[in-house]
$ cat protein.cif   # mmCIF, C-alpha atoms
data_target
loop_
_atom_site.label_atom_id
_atom_site.label_comp_id
_atom_site.auth_asym_id
_atom_site.auth_seq_id
_atom_site.Cartn_x
_atom_site.Cartn_y
_atom_site.Cartn_z
CA MET A 29 0.00 0.00 0.00
CA PRO A 30 1.47 3.41 -0.96
CA GLU A 31 2.48 5.71 1.87
CA ALA A 32 -0.26 8.23 1.01
CA SER A 33 -2.89 5.50 1.32
CA VAL A 34 -1.50 4.39 4.67
CA LEU A 35 -1.59 7.97 5.95
CA ARG A 36 -5.21 8.41 4.79
CA VAL A 37 -6.36 5.16 6.41
CA LEU A 38 -4.62 6.08 9.68
CA ALA A 39 -6.30 9.49 9.59
CA GLU A 40 -9.69 7.85 8.90
CA LEU A 41 -9.18 5.40 11.79
CA LEU A 42 -8.24 8.28 14.07
CA LEU A 43 -11.48 10.04 13.16
CA ILE A 44 -13.54 6.89 13.64
CA LEU A 45 -12.15 5.98 17.06
CA VAL A 46 -12.24 9.52 18.44
CA SER A 47 -15.78 10.20 17.20
CA ALA A 48 -16.94 6.79 18.47
CA LYS A 49 -15.68 7.49 21.98
CA ILE A 50 -16.88 11.11 22.12
CA PHE A 51 -20.39 10.38 20.88
CA GLY A 52 -20.48 7.09 22.79
CA GLU A 53 -19.68 8.97 25.99
CA LEU A 54 -22.45 11.49 25.29
CA ALA A 55 -24.90 8.63 24.76
CA GLU A 56 -23.88 6.94 28.02
CA ARG A 57 -24.36 10.21 29.91
CA LEU A 58 -27.91 10.34 28.50
CA ASP A 59 -28.53 6.79 29.81
CA GLN A 60 -28.44 5.33 26.30
CA PRO A 61 -26.18 2.56 24.94
CA ALA A 62 -22.86 3.73 23.51
CA VAL A 63 -23.65 2.08 20.17
CA LEU A 64 -26.22 4.80 19.45
CA GLY A 65 -23.57 7.44 19.97
CA GLU A 66 -21.20 5.59 17.65
CA LEU A 67 -23.91 5.53 14.97
CA ILE A 68 -24.49 9.27 15.32
CA GLY A 69 -20.74 9.86 15.14
CA GLY A 70 -20.71 7.96 11.86
CA VAL A 71 -23.62 10.00 10.50
CA VAL A 72 -21.66 13.19 11.30
CA LEU A 73 -18.54 11.90 9.54
CA GLY A 74 -20.64 10.82 6.57
CA THR A 75 -21.77 14.41 5.92
CA GLY A 76 -18.39 15.20 4.35
CA LEU A 77 -17.14 17.22 7.29
CA PHE A 78 -13.66 15.83 6.57
CA SER A 79 -12.87 15.63 2.87
CA PHE A 80 -10.40 12.76 3.18
CA PHE A 81 -12.88 10.47 4.97
CA ARG A 82 -14.34 7.91 2.55
CA PRO A 83 -17.16 5.64 3.78
CA ASP A 84 -16.48 3.34 0.81
CA ASP A 85 -12.78 2.86 1.64
CA PRO A 86 -12.09 -0.91 1.19
CA SER A 87 -9.54 -0.89 4.04
CA LEU A 88 -12.18 0.40 6.45
CA GLY A 89 -14.64 -2.11 4.99
CA LEU A 90 -12.23 -4.96 5.83
CA MET A 91 -11.80 -3.74 9.41
CA SER A 92 -15.56 -3.37 9.66
CA GLU A 93 -16.00 -7.02 8.61
CA ILE A 94 -13.48 -8.10 11.28
CA GLY A 95 -15.48 -6.04 13.75
CA VAL A 96 -18.64 -7.97 12.85
CA LEU A 97 -16.90 -11.32 13.37
CA LEU A 98 -15.56 -10.22 16.76
CA LEU A 99 -18.97 -8.86 17.76
CA LEU A 100 -20.60 -12.20 17.02
CA PHE A 101 -17.76 -13.99 18.83
CA GLU A 102 -18.34 -11.82 21.90
CA THR A 103 -22.10 -12.46 21.65
CA GLY A 104 -21.38 -16.18 21.70
CA LEU A 105 -19.17 -15.73 24.77
CA ARG A 106 -22.10 -14.10 26.57
CA SER A 107 -24.38 -17.02 25.65
CA ASP A 108 -24.43 -19.96 28.03
CA LEU A 109 -25.23 -23.27 26.30
CA SER A 110 -26.63 -24.70 29.52
CA GLU A 111 -28.95 -21.69 29.82
CA LEU A 112 -30.00 -22.22 26.22
CA LEU A 113 -30.88 -25.86 26.88
CA SER A 114 -32.64 -25.06 30.16
CA ALA A 115 -34.46 -21.94 28.98
CA GLY A 116 -37.67 -23.88 28.98
CA PRO A 117 -40.68 -23.91 26.70
CA THR A 118 -41.84 -20.44 27.77
CA SER A 119 -38.61 -18.72 26.74
CA ALA A 120 -38.49 -20.79 23.55
CA ALA A 121 -42.06 -19.78 22.68
CA VAL A 122 -41.31 -16.11 23.37
CA ALA A 123 -38.17 -16.27 21.21
CA ALA A 124 -39.92 -18.03 18.33
CA THR A 125 -42.83 -15.58 18.40
CA GLY A 126 -40.43 -12.65 18.73
CA VAL A 127 -38.66 -13.74 15.54
CA ALA A 128 -41.63 -14.85 13.43
CA ALA A 129 -44.01 -11.94 14.14
CA PRO A 130 -41.61 -9.06 13.29
CA PHE A 131 -40.38 -10.87 10.19
CA LEU A 132 -43.90 -11.43 8.89
CA LEU A 133 -44.92 -7.85 9.69
CA GLY A 134 -41.85 -6.40 7.98
CA TRP A 135 -42.12 -8.69 4.97
CA GLY A 136 -45.87 -8.09 4.70
CA LEU A 137 -45.47 -4.30 4.97
CA MET A 138 -42.85 -4.19 2.21
CA THR A 139 -44.86 -6.53 0.00
CA ALA A 140 -47.99 -4.40 0.49
CA LEU A 141 -45.98 -1.37 -0.61
CA GLY A 142 -44.97 -3.17 -3.80
CA ARG A 143 -41.37 -3.79 -2.68
CA GLY A 144 -41.41 -7.57 -2.32
CA GLY A 145 -38.67 -10.10 -3.00
CA MET A 146 -35.19 -9.42 -1.62
CA GLU A 147 -36.04 -6.01 -0.16
CA ALA A 148 -38.94 -7.45 1.81
CA ILE A 149 -36.79 -10.33 3.08
CA PHE A 150 -33.96 -8.07 4.20
CA VAL A 151 -36.24 -5.58 5.97
CA GLY A 152 -38.21 -8.38 7.64
CA ALA A 153 -35.01 -10.12 8.76
CA ALA A 154 -33.57 -6.89 10.19
CA MET A 155 -36.63 -6.64 12.44
CA THR A 156 -36.14 -10.08 14.04
CA ALA A 157 -33.11 -9.26 16.21
CA THR A 158 -33.19 -8.49 19.95
CA SER A 159 -30.40 -6.71 21.86
CA VAL A 160 -30.37 -8.46 25.22
CA GLY A 161 -27.59 -6.22 26.55
CA ILE A 162 -29.84 -3.17 26.63
CA THR A 163 -32.68 -5.04 28.36
CA ALA A 164 -30.31 -6.67 30.85
CA ARG A 165 -28.85 -3.29 31.78
CA VAL A 166 -32.30 -1.83 32.49
CA LEU A 167 -33.30 -4.87 34.57
CA ALA A 168 -30.09 -4.58 36.60
CA ASP A 169 -30.58 -0.84 37.15
CA ILE A 170 -34.05 -1.33 38.64
CA GLY A 171 -33.09 -4.44 40.64
CA LYS A 172 -35.34 -6.84 38.71
CA MET A 173 -32.78 -9.36 37.41
CA ASP A 174 -34.34 -12.11 39.54
CA ALA A 175 -37.92 -11.36 38.50
CA PRO A 176 -39.70 -14.09 36.49
CA GLU A 177 -40.11 -11.66 33.59
CA ALA A 178 -36.35 -11.11 33.54
CA ARG A 179 -35.57 -14.84 33.48
CA ILE A 180 -37.99 -15.39 30.60
CA VAL A 181 -36.66 -12.45 28.57
CA LEU A 182 -32.99 -13.34 29.11
CA GLY A 183 -33.61 -16.99 28.25
CA ALA A 184 -35.56 -15.98 25.15
CA ALA A 185 -32.79 -13.59 24.13
CA VAL A 186 -30.21 -16.40 24.18
CA ILE A 187 -32.41 -18.46 21.85
CA ASP A 188 -33.08 -15.31 19.82
CA ASP A 189 -29.32 -14.88 19.31
CA VAL A 190 -29.04 -18.40 17.86
CA LEU A 191 -32.08 -17.95 15.61
CA GLY A 192 -30.79 -14.54 14.55
CA VAL A 193 -27.43 -15.95 13.47
CA VAL A 194 -29.15 -18.69 11.45
CA ILE A 195 -31.40 -16.11 9.75
CA LEU A 196 -28.41 -13.83 9.19
CA SER A 197 -26.59 -16.69 7.48
CA ALA A 198 -29.58 -17.29 5.19
CA VAL A 199 -29.82 -13.59 4.36
CA GLU A 200 -26.09 -13.42 3.61
CA GLY A 201 -26.59 -16.36 1.25
CA ILE A 202 -29.28 -14.40 -0.59
CA ALA A 203 -26.94 -11.42 -0.86
CA ALA A 204 -24.14 -13.59 -2.26
CA SER A 205 -26.37 -15.23 -4.88
CA GLY A 206 -27.95 -11.94 -5.91
CA ALA A 207 -31.38 -13.52 -6.22
CA PHE A 208 -34.11 -14.60 -3.83
CA SER A 209 -35.46 -18.13 -3.79
CA TRP A 210 -37.12 -20.06 -0.98
CA PRO A 211 -35.04 -23.21 -1.66
CA GLY A 212 -31.89 -21.08 -1.33
CA VAL A 213 -33.10 -19.59 1.94
CA VAL A 214 -33.95 -23.01 3.36
CA ARG A 215 -30.60 -24.41 2.21
CA SER A 216 -28.65 -21.58 3.87
CA ALA A 217 -30.63 -21.88 7.11
CA VAL A 218 -30.22 -25.67 7.23
CA LEU A 219 -26.47 -25.43 6.56
CA ALA A 220 -26.09 -22.89 9.37
CA ALA A 221 -28.13 -25.02 11.78
CA VAL A 222 -26.22 -28.21 10.87
CA PHE A 223 -22.83 -26.51 11.26
CA LEU A 224 -23.85 -24.97 14.59
CA THR A 225 -25.15 -28.30 15.91
CA ALA A 226 -22.12 -30.30 14.73
CA ALA A 227 -19.68 -27.75 16.15
CA LEU A 228 -21.45 -27.65 19.51
CA TRP A 229 -21.37 -31.46 19.64
CA ALA A 230 -17.72 -31.92 18.67
CA GLY A 231 -16.30 -28.63 19.90
CA PRO A 232 -16.04 -29.15 23.70
CA LEU A 233 -13.20 -31.67 23.27
CA LEU A 234 -11.32 -29.23 21.06
CA THR A 235 -11.78 -26.31 23.46
CA ARG A 236 -10.58 -28.38 26.44
CA GLN A 237 -7.41 -29.20 24.53
CA LEU A 238 -7.00 -25.56 23.50
CA VAL A 239 -7.35 -24.36 27.10
CA GLY A 240 -4.84 -26.98 28.22
CA VAL A 241 -2.27 -25.81 25.67
CA VAL A 242 -2.81 -22.15 26.62
CA ARG A 243 -2.24 -22.95 30.30
CA ARG A 244 1.19 -24.42 29.52
CA MET A 245 2.33 -21.47 27.39
CA ARG A 246 4.11 -18.44 28.80
CA VAL A 247 4.22 -16.04 25.87
CA ARG A 248 2.53 -12.68 26.36
CA GLY A 249 -1.01 -12.36 25.02
CA VAL A 250 -1.42 -16.09 24.41
CA LEU A 251 -5.00 -16.18 25.69
CA VAL A 252 -6.36 -13.39 23.51
CA GLY A 253 -4.32 -14.64 20.54
CA ALA A 254 -5.65 -18.18 20.95
CA ALA A 255 -9.25 -16.96 21.40
CA VAL A 256 -9.21 -14.74 18.29
CA SER A 257 -7.46 -17.48 16.29
CA PHE A 258 -10.12 -19.97 17.36
CA ALA A 259 -12.87 -17.57 16.28
CA PHE A 260 -11.24 -17.00 12.88
CA ALA A 261 -10.58 -20.73 12.42
CA LEU A 262 -14.24 -21.62 12.99
CA ALA A 263 -15.30 -18.70 10.77
CA LEU A 264 -13.18 -20.15 7.95
CA ALA A 265 -14.54 -23.64 8.69
CA ALA A 266 -18.09 -22.32 8.46
CA HIS A 267 -17.32 -20.70 5.11
CA ALA A 268 -15.78 -23.95 3.84
CA ALA A 269 -18.93 -25.79 4.96
CA GLY A 270 -21.05 -23.47 2.83
CA THR A 271 -22.48 -21.22 5.52
CA ALA A 272 -21.67 -17.71 6.76
CA MET A 273 -18.45 -16.96 8.63
CA ILE A 274 -20.43 -15.21 11.37
CA VAL A 275 -21.95 -18.60 12.30
CA GLY A 276 -18.46 -19.95 12.95
CA ALA A 277 -17.42 -16.92 15.02
CA PHE A 278 -20.62 -17.11 17.08
CA THR A 279 -20.13 -20.85 17.63
CA ALA A 280 -16.54 -20.31 18.76
CA GLY A 281 -17.81 -17.91 21.43
CA ILE A 282 -20.41 -20.37 22.70
CA LEU A 283 -17.80 -23.15 22.91
CA LEU A 284 -15.31 -21.04 24.85
CA ALA A 285 -18.14 -19.86 27.13
CA GLY A 286 -18.47 -23.49 28.23
CA THR A 287 -14.88 -23.65 29.56
CA ASP A 288 -13.52 -22.60 32.95
CA ARG A 289 -11.65 -19.72 31.26
CA ARG A 290 -14.81 -17.96 30.09
CA GLU A 291 -14.35 -14.85 32.22
CA ASP A 292 -10.66 -14.64 31.36
CA VAL A 293 -11.43 -14.86 27.63
CA GLN A 294 -14.15 -12.20 27.94
CA ALA A 295 -11.75 -9.85 29.73
CA ALA A 296 -8.99 -10.50 27.19
CA ILE A 297 -11.16 -10.11 24.08
CA GLN A 298 -13.00 -6.96 25.18
CA PRO A 299 -10.18 -4.48 24.33
CA VAL A 300 -9.89 -6.00 20.85
CA VAL A 301 -13.65 -5.69 20.30
CA ASP A 302 -13.53 -2.13 21.65
CA VAL A 303 -11.19 -1.21 18.78
CA PHE A 304 -12.80 -3.05 15.86
CA ALA A 305 -16.51 -2.89 16.75
CA PRO A 306 -16.69 0.93 16.71
CA VAL A 307 -15.30 0.84 13.16
CA PHE A 308 -18.34 -1.19 12.13
CA PHE A 309 -20.90 1.00 13.91
CA VAL A 310 -19.38 4.28 12.75
CA MET A 311 -19.25 2.97 9.17
CA VAL A 312 -22.92 1.95 9.41
CA GLY A 313 -23.78 5.52 10.41
CA ALA A 314 -21.46 7.04 7.80
CA ARG A 315 -23.33 5.27 5.00
CA VAL A 316 -26.61 6.91 6.02
CA ARG A 317 -27.37 9.80 3.71
CA LEU A 318 -28.49 12.53 6.08
CA GLY A 319 -30.23 14.35 3.26
CA THR A 320 -32.78 11.53 2.98
CA MET A 321 -34.06 12.39 6.48
CA ASN A 322 -34.99 16.01 5.72
CA PRO A 323 -38.82 16.19 5.89
CA LEU A 324 -38.81 19.50 4.00
CA VAL A 325 -37.77 17.66 0.85
CA PRO A 326 -40.97 16.15 -0.65
CA ARG A 327 -39.32 12.96 -1.95
CA ASN A 328 -38.05 12.16 1.56
CA ARG A 329 -41.49 12.07 3.14
CA ALA A 330 -42.24 8.63 1.77
CA MET A 331 -39.08 7.24 3.41
CA LEU A 332 -39.89 8.92 6.73
CA GLY A 333 -43.43 7.53 6.55
CA LEU A 334 -41.95 4.08 5.90
CA THR A 335 -39.66 4.51 8.91
CA ALA A 336 -42.67 5.25 11.12
CA LEU A 337 -44.45 2.14 9.83
CA LEU A 338 -41.32 0.02 10.39
CA VAL A 339 -40.99 1.27 13.96
CA LEU A 340 -44.65 0.48 14.63
CA ALA A 341 -44.30 -3.00 13.13
CA ALA A 342 -41.03 -3.57 15.02
CA VAL A 343 -42.62 -2.67 18.36
CA LEU A 344 -45.81 -4.66 17.77
CA GLY A 345 -43.86 -7.67 16.50
CA LYS A 346 -41.93 -7.94 19.76
CA VAL A 347 -44.72 -6.94 22.15
CA VAL A 348 -46.91 -9.81 20.88
CA SER A 349 -44.16 -12.24 21.91
CA GLY A 350 -45.30 -11.63 25.48
CA LEU A 351 -48.57 -13.35 24.61
CA ALA A 352 -46.61 -16.60 24.35
CA VAL A 353 -46.21 -16.53 28.16
CA LEU A 354 -48.87 -18.81 29.63
CA LYS A 355 -47.66 -18.73 33.24
CA LYS A 356 -49.90 -16.94 35.71
CA GLY A 357 -48.53 -13.98 37.62
CA VAL A 358 -46.08 -12.98 34.88
CA ASN A 359 -46.35 -9.52 33.34
CA ARG A 360 -46.69 -10.35 29.63
CA TRP A 361 -46.40 -6.66 28.71
CA SER A 362 -42.98 -6.46 30.39
CA VAL A 363 -41.76 -9.59 28.59
CA GLY A 364 -42.83 -8.20 25.21
CA VAL A 365 -41.32 -4.77 25.89
CA GLY A 366 -38.07 -6.39 27.00
CA MET A 367 -37.71 -7.90 23.53
CA ILE A 368 -38.12 -4.57 21.65
CA PRO A 369 -34.56 -3.14 21.34
CA ARG A 370 -32.81 -4.26 18.14
CA GLY A 371 -29.20 -3.20 18.58
CA GLU A 372 -26.18 -4.65 16.79
CA VAL A 373 -27.59 -7.56 14.80
CA GLY A 374 -30.26 -5.42 13.16
CA LEU A 375 -27.52 -3.10 11.94
CA ILE A 376 -25.58 -6.04 10.50
CA PHE A 377 -28.66 -7.04 8.49
CA ALA A 378 -28.98 -3.49 7.15
CA GLN A 379 -25.29 -3.32 6.23
CA ILE A 380 -25.40 -6.62 4.31
CA GLY A 381 -28.51 -5.46 2.46
CA LEU A 382 -26.92 -2.18 1.40
CA ALA A 383 -23.57 -3.73 0.42
CA SER A 384 -25.28 -6.36 -1.73
CA GLY A 385 -27.58 -3.85 -3.41
CA ALA A 386 -30.67 -5.62 -2.07
CA ILE A 387 -31.91 -2.39 -0.47
CA ASP A 388 -31.30 1.16 -1.65
CA PRO A 389 -29.86 3.97 0.53
CA ALA A 390 -33.31 5.29 1.45
CA PHE A 391 -34.48 1.91 2.75
CA TYR A 392 -31.13 1.45 4.48
CA ALA A 393 -31.64 4.75 6.31
CA ALA A 394 -35.16 3.66 7.28
CA VAL A 395 -33.90 0.38 8.77
CA VAL A 396 -31.09 2.12 10.69
CA LEU A 397 -33.60 4.66 12.07
CA MET A 398 -35.89 1.78 13.10
CA VAL A 399 -33.01 0.22 15.07
CA VAL A 400 -32.18 3.54 16.72
CA VAL A 401 -35.78 4.38 17.68
CA THR A 402 -36.59 0.94 19.11
CA THR A 403 -33.38 1.05 21.13
CA PHE A 404 -34.28 4.51 22.51
CA ILE A 405 -37.87 3.75 23.49
CA ALA A 406 -37.41 0.32 25.08
CA PRO A 407 -35.65 1.32 28.37
CA PRO A 408 -38.27 3.84 29.60
CA LEU A 409 -41.13 1.52 28.60
CA LEU A 410 -39.53 -1.43 30.43
CA LYS A 411 -38.88 0.62 33.55
CA ARG A 412 -42.49 1.85 33.60
CA SER A 413 -43.92 -1.64 33.14
CA LEU A 414 -41.92 -3.16 36.04
CA THR A 415 -42.06 -0.35 38.59
#

$ encode --input "protein.cif" --output "structure tokens"
Amino acid sequence: MPEASVLRVLAELLLILVSAKIFGELAERLDQPAVLGELIGGVVLGTGLFSFFRPDDPSLGLMSEIGVLLLLFETGLRSDLSELLSAGPTSAAVAATGVAAPFLLGWGLMTALGRGGMEAIFVGAAMTATSVGITARVLADIGKMDAPEARIVLGAAVIDDVLGVVILSAVEGIAASGAFSWPGVVRSAVLAAVFLTAALWAGPLLTRQLVGVVRRMRVRGVLVGAAVSFAFALALAAHAAGTAMIVGAFTAGILLAGTDRREDVQAAIQPVVDVFAPVFFVMVGARVRLGTMNPLVPRNRAMLGLTALLVLAAVLGKVVSGLAVLKKGVNRWSVGVGMIPRGEVGLIFAQIGLASGAIDPAFYAAVVLMVVVTTFIAPPLLKRSLT
């Protein structure tokens, strides 16, 4: 790479990391997740404030892809396989309803507007995700982590993560093929599910051996190096098996979460994620065309109207998941509200759709706004429903 290109990429990275931390800090001070601040920081950079910053820079795109893999790896580390297996039928029913209802509402809305096919699939899929981190933070803040509603939501969110990764793999397969077909969707979903199941069955032996080798090594940074290498190795294995690399990275996290070094791996991997993940979120925001959000421009009003409909469908699609709770004495409204925030995975769906050309910039902006709005409104609604 020529020296001028290296200097430009370093300058772009400097902008990304500084803006991510500044806007992330502002978001935290407003009792909102830092990811929202990182998105806003990206939107600001995408306005052309700095002439050398290029949202389409392939070097930044590569680092953004690494950030996605590490994000899914960290998500897997937070997922406990034993919790997944013991989540119970109630959590499973809430998760299944919380995936199916938003997808059908999003797909149906797009189809009714005459934008069926790939666009409808991508928008519907982006609405299926749930960000458990935001809900868990609110529950901890109000001292309700041991409430039955909290146990159901957190169990459902673990299952939701697994279902979300399988759906994400199917959607990525659609993007790669450039055409939508139900057999292709089913094939991608089955491949992801088979790989995930096989890896979870055979993986514990491999992770025990890996942990044993790491314990005997003395070189600096061996734990984080081994963890990231394991994530990348399973990502490559997933790709070789015909499914998405994110499935492999997510599976690697789940497998390492089942070892006695789980907390050590989480602590070691967090600084790496804190560098690469903001690149992804800032780049997501930078690709939003701010001009498409101006309501004074007549052609933008249709997109803003679509955003409002998507937010309504996104909220309703998750709230109805609370109806799957059949236990007496459980606040179904709180369970449904706890599933509302979309967070990171919804943004990954949007990014894949834009990069593949499946959705245009206006629809991309609408999906990103849907993620932002649902993430903003969920905490106050959850607090009100439980207090």

$ residues_around --input "protein.cif" --residues "Ala272 of chain A" --least-positions-apart "3" --cutoff "8 Å" --atoms "only C-alpha atoms" --output "list in words"
Ser197, Glu200, Gly201, Ala220, Ala263, Ala266, His267, Val275 and Gly276 of chain A

$ atom_distance --input "protein.cif" --atom1 "atom CA of Pro83 of chain A" --atom2 "atom CA of Leu58 of chain A"
27.4 Å

$ resolve_selection --input "protein.cif" --expression "the PyMOL selection byres ((chain A and resi 48) around 10)" --output "list of chain:residue names"
A:Leu42, A:Leu43, A:Ile44, A:Leu45, A:Val46, A:Ser47, A:Lys49, A:Ile50, A:Phe51, A:Gly52, A:Glu53, A:Leu54, A:Ala62, A:Val63, A:Leu64, A:Gly65, A:Glu66, A:Leu67, A:Ile68, A:Gly69, A:Gly70, A:Val303, A:Ala305, A:Pro306, A:Val307, A:Phe309, A:Val310

$ atom_distance --input "protein.cif" --atom1 "atom CA of Val127 of chain A" --atom2 "atom CA of Val186 of chain A"
12.4 Å

$ residues_around --input "protein.cif" --residues "segment 223-229 of chain A" --least-positions-apart "4" --cutoff "10 Å" --atoms "only C-alpha atoms" --output "ChimeraX atom specification"
/A:109,190,193-194,217-219,233-234,262,265-266,269-272,275-276,278-280,282-283

$ residues_around --input "protein.cif" --residues "segment 243-251 of chain A" --least-positions-apart "3" --cutoff "8 Å" --atoms "all atoms listed in the file" --output "count of residues only"
6

$ closest_residue --input "protein.cif" --among "A:Ala390, A:Arg290, A:Phe404, A:Phe78" --to "Asn328 of chain A" --atoms "all atoms listed in the file"
A:Ala390

$ residues_near_point --input "protein.cif" --point "(-26.2, -12.6, 11.9)" --cutoff "7 Å" --atoms "only C-alpha atoms" --output "list of chain:residue names"
A:Gly192, A:Val193, A:Val194, A:Ile195, A:Leu196, A:Ser197, A:Ile274, A:Val373, A:Ile376, A:Phe377

$ atom_distance --input "protein.cif" --atom1 "atom CA of Gly95 of chain A" --atom2 "atom CA of Ala230 of chain A"
26.4 Å
